Structures are given as C-alpha cells and as structure tokens.
>>> print(open('data_0.txt').read())   # compact mmCIF, C-alpha atoms and all ligand atoms
# COMPACT_ATOMS: atom_id res chain seq x y z
CA MET A 1 -109.72 51.02 -296.00
CA LYS A 2 -108.86 53.36 -293.14
CA LYS A 3 -110.91 51.26 -290.70
CA VAL A 4 -109.07 48.14 -291.90
CA LEU A 5 -105.75 49.87 -291.18
CA LEU A 6 -106.95 51.12 -287.82
CA SER A 7 -108.04 47.65 -286.73
CA LEU A 8 -104.44 46.52 -287.28
CA LEU A 9 -102.96 49.63 -285.63
CA ARG A 10 -105.00 48.94 -282.49
CA ASP A 11 -103.52 45.42 -282.16
CA LYS A 12 -101.02 45.39 -279.28
CA ASN A 13 -99.14 42.47 -280.87
CA ILE A 14 -97.84 44.27 -283.99
CA ASP A 15 -94.21 45.33 -283.93
CA ILE A 16 -92.81 48.84 -284.37
CA LYS A 17 -92.07 48.33 -288.09
CA LYS A 18 -95.65 47.31 -288.80
CA PHE A 19 -96.99 50.16 -286.66
CA ARG A 20 -94.94 52.64 -288.68
CA GLU A 21 -96.01 51.15 -292.01
CA LEU A 22 -99.67 51.29 -291.04
CA SER A 23 -99.33 54.87 -289.78
CA GLU A 24 -97.81 55.94 -293.08
CA LYS A 25 -100.60 54.30 -295.09
CA MET A 26 -103.19 55.91 -292.85
CA GLY A 27 -101.48 59.25 -293.41
CA PHE A 28 -101.85 58.91 -297.17
CA ILE A 29 -105.58 58.19 -296.89
CA LEU A 30 -106.16 61.09 -294.50
CA ALA A 31 -104.11 63.47 -296.64
CA GLY A 32 -106.33 62.50 -299.58
CA GLU A 33 -109.42 63.26 -297.51
CA VAL A 34 -108.03 66.66 -296.58
CA GLY A 35 -107.31 67.30 -300.27
CA ASP A 36 -110.95 66.55 -301.04
CA ILE A 37 -112.26 69.32 -298.77
CA LEU A 38 -109.67 72.03 -299.49
CA GLU A 39 -110.87 74.97 -301.55
CA LYS A 40 -110.15 74.53 -305.28
CA GLU A 41 -109.87 76.76 -308.31
CA LYS A 42 -110.13 76.06 -312.03
CA LEU A 43 -107.16 74.80 -313.98
CA GLU A 44 -107.12 74.49 -317.75
CA VAL A 45 -105.23 71.39 -318.88
CA GLU A 46 -104.28 70.31 -322.39
CA THR A 47 -104.43 66.57 -322.85
CA PRO A 48 -102.77 65.04 -325.94
CA ILE A 49 -106.29 65.06 -327.48
CA ASP A 50 -108.09 68.20 -326.31
CA LYS A 51 -108.50 70.79 -323.59
CA LYS A 52 -110.04 69.92 -320.25
CA LEU A 53 -111.11 72.19 -317.41
CA GLY A 54 -109.68 70.71 -314.23
CA ILE A 55 -109.08 71.95 -310.71
CA LYS A 56 -106.19 72.73 -308.42
CA ILE A 57 -105.85 73.51 -304.73
CA LYS A 58 -106.40 77.22 -304.30
CA ASN A 59 -104.56 78.32 -301.19
CA ASP A 60 -101.13 77.83 -299.68
CA ILE A 61 -101.01 75.23 -296.93
CA ILE A 62 -99.46 75.22 -293.48
CA ILE A 63 -99.18 71.85 -291.73
CA VAL A 64 -98.86 71.86 -287.94
CA PRO A 65 -98.02 68.46 -286.44
CA ILE A 66 -98.37 68.31 -282.65
CA LEU A 67 -95.19 66.69 -281.37
CA ARG A 68 -94.48 63.93 -281.07
CA ALA A 69 -97.09 61.49 -282.31
CA ALA A 70 -98.11 63.54 -285.36
CA LEU A 71 -94.61 63.25 -286.83
CA SER A 72 -95.89 59.85 -287.99
CA LEU A 73 -98.38 61.54 -290.33
CA LEU A 74 -96.15 64.35 -291.58
CA PRO A 75 -94.21 62.50 -294.33
CA PRO A 76 -97.34 61.26 -296.17
CA PHE A 77 -98.93 64.70 -295.86
CA LEU A 78 -95.82 66.30 -297.38
CA LYS A 79 -95.99 63.85 -300.30
CA PHE A 80 -99.45 65.23 -301.13
CA PHE A 81 -98.87 68.88 -300.21
CA GLU A 82 -95.33 69.26 -301.46
CA TYR A 83 -95.07 73.02 -301.05
CA ALA A 84 -96.69 73.18 -297.61
CA LYS A 85 -94.87 75.05 -294.90
CA VAL A 86 -94.59 73.22 -291.58
CA GLY A 87 -95.02 74.69 -288.11
CA PHE A 88 -94.23 72.68 -285.02
CA LEU A 89 -96.02 72.67 -281.69
CA GLY A 90 -94.52 70.58 -278.92
CA LEU A 91 -97.25 69.68 -276.43
CA ARG A 92 -96.92 67.03 -273.76
CA ARG A 93 -99.55 65.88 -271.29
CA ASP A 94 -98.36 66.02 -267.70
CA GLU A 95 -98.64 62.43 -266.44
CA LYS A 96 -100.52 63.40 -263.26
CA SER A 97 -102.69 66.36 -264.25
CA VAL A 98 -102.97 65.23 -267.94
CA ILE A 99 -102.90 68.92 -268.84
CA ALA A 100 -100.95 69.53 -272.06
CA LYS A 101 -97.99 71.86 -271.62
CA MET A 102 -96.23 73.54 -274.50
CA TYR A 103 -92.46 72.96 -274.68
CA TYR A 104 -91.75 74.02 -278.27
CA LYS A 105 -93.28 76.36 -280.81
CA ASN A 106 -92.01 77.23 -284.25
CA ILE A 107 -94.76 78.39 -286.59
CA PRO A 108 -94.10 80.13 -289.92
CA THR A 109 -95.89 83.36 -290.83
CA ILE A 110 -99.47 82.47 -291.76
CA LYS A 111 -101.35 84.52 -294.39
CA GLU A 112 -105.10 85.09 -294.06
CA SER A 113 -105.81 82.95 -297.10
CA ASP A 114 -103.67 79.97 -295.97
CA ASP A 115 -105.34 76.69 -295.07
CA VAL A 116 -103.96 75.25 -291.83
CA ILE A 117 -103.87 71.50 -291.20
CA ILE A 118 -103.30 70.41 -287.60
CA LEU A 119 -102.14 66.82 -287.20
CA ASP A 120 -102.54 64.78 -284.01
CA PRO A 121 -103.43 61.08 -284.27
CA MET A 122 -105.00 60.94 -280.78
CA ILE A 123 -107.64 63.21 -279.25
CA ALA A 124 -108.21 62.00 -275.69
CA THR A 125 -109.36 64.76 -273.31
CA GLY A 126 -109.09 67.21 -276.21
CA GLY A 127 -106.70 69.34 -274.15
CA SER A 128 -103.75 69.20 -276.57
CA GLY A 129 -105.94 69.81 -279.59
CA SER A 130 -107.73 72.74 -277.97
CA LYS A 131 -104.43 74.29 -276.94
CA ALA A 132 -103.08 73.98 -280.49
CA ILE A 133 -106.18 75.59 -282.00
CA LYS A 134 -106.06 78.40 -279.43
CA ILE A 135 -102.39 79.10 -280.24
CA LEU A 136 -103.15 79.27 -283.96
CA LYS A 137 -106.17 81.52 -283.40
CA GLU A 138 -103.97 83.85 -281.35
CA LEU A 139 -101.71 84.06 -284.41
CA GLY A 140 -104.71 85.27 -286.42
CA VAL A 141 -105.86 82.03 -288.06
CA ARG A 142 -109.64 81.89 -288.50
CA GLU A 143 -111.36 78.74 -287.19
CA GLY A 144 -112.91 78.05 -290.57
CA LYS A 145 -109.43 77.81 -292.12
CA ILE A 146 -108.36 74.99 -289.79
CA ILE A 147 -108.67 71.31 -290.61
CA PHE A 148 -107.87 69.04 -287.65
CA VAL A 149 -106.77 65.54 -288.61
CA SER A 150 -106.80 62.67 -286.14
CA VAL A 151 -106.90 58.88 -286.15
CA ILE A 152 -108.72 57.98 -282.92
CA CYS A 153 -110.63 60.46 -280.87
CA SER A 154 -112.71 60.04 -277.76
CA LYS A 155 -116.29 61.23 -277.59
CA PRO A 156 -115.56 63.69 -274.74
CA GLY A 157 -112.47 64.99 -276.57
CA VAL A 158 -114.39 65.67 -279.76
CA ASN A 159 -117.23 67.31 -277.85
CA LYS A 160 -114.76 69.60 -276.09
CA ILE A 161 -113.15 70.71 -279.35
CA LYS A 162 -116.40 71.06 -281.30
CA THR A 163 -118.07 73.05 -278.53
CA ALA A 164 -115.16 75.45 -278.11
CA PHE A 165 -114.38 75.76 -281.83
CA PRO A 166 -117.56 75.03 -283.81
CA LYS A 167 -116.14 76.13 -287.18
CA ILE A 168 -113.18 73.71 -287.15
CA LYS A 169 -113.28 70.94 -289.74
CA LEU A 170 -112.47 67.68 -288.00
CA ILE A 171 -111.40 64.53 -289.82
CA TYR A 172 -110.84 61.29 -287.92
CA VAL A 173 -111.05 57.57 -288.48
CA GLU A 174 -112.96 56.32 -285.44
CA GLN A 175 -114.45 57.70 -282.27
CA ASP A 176 -114.18 55.66 -279.06
CA GLU A 177 -116.71 56.24 -276.31
CA VAL A 178 -114.74 56.70 -273.13
CA LEU A 179 -111.46 57.49 -271.36
CA ASN A 180 -110.02 55.46 -268.49
CA ALA A 181 -108.88 56.81 -265.11
CA ASN A 182 -105.53 57.80 -266.66
CA LYS A 183 -107.36 59.63 -269.46
CA PHE A 184 -106.34 57.11 -272.09
CA ILE A 185 -108.79 56.31 -274.86
CA VAL A 186 -110.68 53.02 -274.34
CA PRO A 187 -110.14 50.76 -276.23
CA GLY A 188 -107.88 53.16 -278.22
CA LEU A 189 -104.48 51.85 -279.23
CA GLY A 190 -102.38 52.83 -276.24
CA ASP A 191 -99.83 55.62 -276.41
CA PHE A 192 -99.38 56.43 -280.09
CA GLY A 193 -96.11 58.32 -279.67
CA ASP A 194 -94.57 55.59 -277.53
CA ARG A 195 -95.57 52.86 -279.99
CA PHE A 196 -94.31 54.82 -283.02
CA PHE A 197 -91.02 55.93 -281.48
CA GLY A 198 -90.34 52.84 -279.35
CA THR A 199 -90.36 54.66 -276.00
CA LEU A 200 -92.53 52.04 -274.30
C1 LIG B 1 -100.62 62.38 -276.80
C2 LIG B 1 -101.20 62.46 -278.20
C3 LIG B 1 -101.92 63.78 -278.19
C4 LIG B 1 -102.38 63.89 -276.75
C5 LIG B 1 -103.85 63.63 -276.67
O1 LIG B 1 -99.46 63.11 -276.70
O2 LIG B 1 -100.23 62.36 -279.18
O3 LIG B 1 -101.10 64.86 -278.53
O4 LIG B 1 -101.66 62.92 -275.99
O5 LIG B 1 -104.31 63.73 -275.38
P1 LIG B 1 -105.31 64.89 -274.91
O6 LIG B 1 -106.38 64.98 -275.94
O7 LIG B 1 -105.81 64.40 -273.58
O8 LIG B 1 -104.52 66.16 -274.77
P2 LIG B 1 -98.49 63.06 -275.43
O9 LIG B 1 -98.78 64.21 -274.54
O10 LIG B 1 -98.53 61.70 -274.82
O11 LIG B 1 -97.09 63.35 -276.06
P3 LIG B 1 -96.27 62.51 -277.17
O12 LIG B 1 -96.96 62.69 -278.48
O13 LIG B 1 -94.93 63.16 -277.12
O14 LIG B 1 -96.22 61.07 -276.74
N1 LIG B 2 -102.41 59.82 -276.00
C1 LIG B 2 -102.31 58.62 -276.63
O1 LIG B 2 -101.37 58.41 -277.42
N2 LIG B 2 -103.25 57.71 -276.39
C2 LIG B 2 -104.28 57.92 -275.56
O2 LIG B 2 -105.13 57.02 -275.40
C3 LIG B 2 -104.37 59.15 -274.91
C4 LIG B 2 -103.42 60.09 -275.16
>>> encode(input="data_0.txt", output="structure tokens")
Amino acid sequence: MKKVLLSLLRDKNIDIKKFRELSEKMGFILAGEVGDILEKEKLEVETPIDKKLGIKIKNDIIIVPILRAALSLLPPFLKFFEYAKVGFLGLRRDEKSVIAKMYYKNIPTIKESDDVIILDPMIATGGSGSKAIKILKELGVREGKIIFVSVICSKPGVNKIKTAFPKIKLIYVEQDEVLNANKFIVPGLGDFGDRFFGTL
C-alpha cells in the first residue's frame, strides 16, 4: 500500500489537501512498520475466555522530526506512540551550498534505554539526516537505538548515512537513483516541505 500512496504523492497535479491526506496515511503505515521492529516484552492479557500471553513495546520512545517536512509524519506517529516524547531539530539546506544548517534544537532528556525515531520524509544528499544522527549521538544516543524513517531517499543519500552510521535502522518507501544539479531527488516528488505547507 505504501507504494500506491507514494505514486500519488509524487504526482505534481495533486492539490495540497490531497498531499496532506496521503502524507498522513503514509505516516500511519510507517509508524506501524516502526512498531514491528521495536523491542517488545511479554504482556499477560485476560480475554473474556482465557489468558493469553501477548507483547508490548518495551522501551520509552523519543520522536525527533526534522523541521519542517517531518511535521507531516508526526501526528500519525503520535497516534501510535501516544506517550512518546518529542524533540525538535530545525535543519534547513542552504539553497546554494545545500549544506543543512541547524536553526532550532529542543530535545528532551534521553535515557540509555529509550528508542529514538528520527523522521524526515526526504533523504537527498543525506546531509540533514547525518547531521541529525550526529547531534543525537553527541547527546549519548547509541546508533543501534535509532530508527530513521523516510519516504523517498536517494541512493547517494542512503549510502552516505549507512556508511557513516552502519548500526542505524533505516525505513523508507522507495529509493531513487540520482540527484539533479540542485541536489533534488530525481524523479522524487519535489520539495516535500513546500508542497505540504504551501510555500511553493
Ligand atoms: C528538505 C527535507 C530534508 C532535506 C533533505 O528539507 O525535508 O530535511 O531537505 O535533503 P538532504 O538530504 O540533502 O539534506 P529543507 O532543508 O528543504 O527544509 P524544509 O523541510 O524546511 O523545507
Ligand atoms: N528536499 C526535498 O524536499 N526534496 C528533494 O528532492 C530534496 C530535498
């Protein structure tokens, strides 16, 4: 289903309302995928008939959306992970150098056992993602505790992140081969943040 949604999200002719609806649906699917790989522990449940040994998510969760585009995925993730704390990282690519610069940071205290979910729907050069991971590692988060969630990533962007941070768990919907001269993903979907927030 996520590839069906992404095919529609890529379409330049959909309006902002449709783009937002599709982003929210995609967020639910991706949040479910994250839930599948989070560490679990046993949970004994009593059904109206008998007992059943079930499971529950073991650790507390911190969600870190990279502003702005990842704000699109935050509401569906909070529906799944209702008690998650949220830390914000504002990163913006300079239009000329395409280097991501941080303009805002507000991260809650992170315990060693916490699972950290970074959200960013687009990985182009991988610069923003790498910066976010580095910032979290500097705060003491182990690579193996980070799940990075994206929608479209480029091959070079993924290679950059996987090479620098081999223990990261990376979830994405599709990988596109190349970047254009402006370091936009080809074919991609354009500028996710601009399409979601209407700043075209
Ligand atoms: C976009 C996107 C990613 C980043 C990816 O953000 O949302 O954060 O670019 O590119 P990279 O992998 O080359 O770093 P942008 O800087 O345009 O800011 P925005 O979300 O506020 O639009
Ligand atoms: N950011 C986007 O939103 N899209 C791209 O293709 C590259 C960076």
>>> residues_around(input="data_0.txt", residues="Val34 of chain A", least_positions_apart="3", cutoff="10 Å", atoms="all atoms listed in the file", output="ChimeraX atom specification")
/A:28-31,37-38,77,80,117,147-149,169-171
>>> atom_distance(input="data_0.txt", atom1="atom CA of Ser72 of chain A", atom2="atom CA of Glu174 of chain A")
17.6 Å
>>> residues_around(input="data_0.txt", residues="Ile161 of chain A", least_positions_apart="3", cutoff="8 Å", atoms="only C-alpha atoms", output="list in words")
Gly126, Gly129, Ser130, Gly157, Val158, Ala164, Phe165 and Pro166 of chain A
>>> atom_distance(input="data_0.txt", atom1="atom C2 of ligand LIG 2 (chain B)", atom2="atom CA of Lys2 of chain A")
18.7 Å
>>> residues_around(input="data_0.txt", residues="Leu139 of chain A", least_positions_apart="4", cutoff="12 Å", atoms="all atoms listed in the file", output="compact mmCIF listing (two decimals) with C-alpha atoms, in the coordinates of the input")
# COMPACT_ATOMS: atom_id res chain seq x y z
CA LYS A 105 -93.28 76.36 -280.81
CA ASN A 106 -92.01 77.23 -284.25
CA ILE A 107 -94.76 78.39 -286.59
CA PRO A 108 -94.10 80.13 -289.92
CA THR A 109 -95.89 83.36 -290.83
CA ILE A 110 -99.47 82.47 -291.76
CA LYS A 111 -101.35 84.52 -294.39
CA GLU A 112 -105.10 85.09 -294.06
CA VAL A 116 -103.96 75.25 -291.83
CA ALA A 132 -103.08 73.98 -280.49
CA ILE A 133 -106.18 75.59 -282.00
CA LYS A 134 -106.06 78.40 -279.43
CA ILE A 135 -102.39 79.10 -280.24
CA GLU A 143 -111.36 78.74 -287.19
>>> residues_near_ligand(input="data_0.txt", ligand="ligand LIG 1 (chain B)", cutoff="9 Å", atoms="all atoms listed in the file", output="PyMOL selection string")
chain A and resi 66-71+90-95+98-101+119-131+153-154+157-158+183-185+191-195+197+199
>>> atom_distance(input="data_0.txt", atom1="atom CA of Asp15 of chain A", atom2="atom CA of Leu73 of chain A")
17.9 Å
>>> closest_residue(input="data_0.txt", among="A:Met1, A:Ile55, A:Leu8, A:Ser23", to="Phe196 of chain A", atoms="only C-alpha atoms")
A:Ser23
>>> closest_residue(input="data_0.txt", among="A:Lys85, A:Arg10, A:Lys17, A:Lys52", to="ligand LIG 2 (chain B)", atoms="only C-alpha atoms and all ligand atoms")
A:Arg10
>>> closest_residue(input="data_0.txt", among="A:Glu44, A:Glu177, A:Asp115, A:Glu21", to="ligand LIG 2 (chain B)", atoms="only C-alpha atoms and all ligand atoms")
A:Glu177
>>> closest_residue(input="data_0.txt", among="A:Glu24, A:Glu33, A:Asp114, A:Glu39", to="Pro75 of chain A", atoms="all atoms listed in the file")
A:Glu24
>>> residues_near_point(input="data_0.txt", point="(-104.1, 46.7, -284.3)", cutoff="12 Å", atoms="only C-alpha atoms", output="ChimeraX atom specification")
/A:3-16,18-20,22-23,187-190,192,195
>>> closest_residue(input="data_0.txt", among="A:Leu179, A:Ile63, A:Leu78, A:Val86", to="ligand LIG 2 (chain B)", atoms="all atoms listed in the file")
A:Leu179
>>> closest_residue(input="data_0.txt", among="A:Gly198, A:Gly32, A:Ile152, A:Val173", to="ligand LIG 2 (chain B)", atoms="all atoms listed in the file")
A:Ile152
>>> axis_aligned_box(input="data_0.txt", around="segment 175-178 of chain A", padding_each_side="4 Å", output="lines of an AutoDock Vina configuration file")
center_x = -115.4
center_y = 56.7
center_z = -277.7
size_x = 10.5
size_y = 10.0
size_z = 17.1
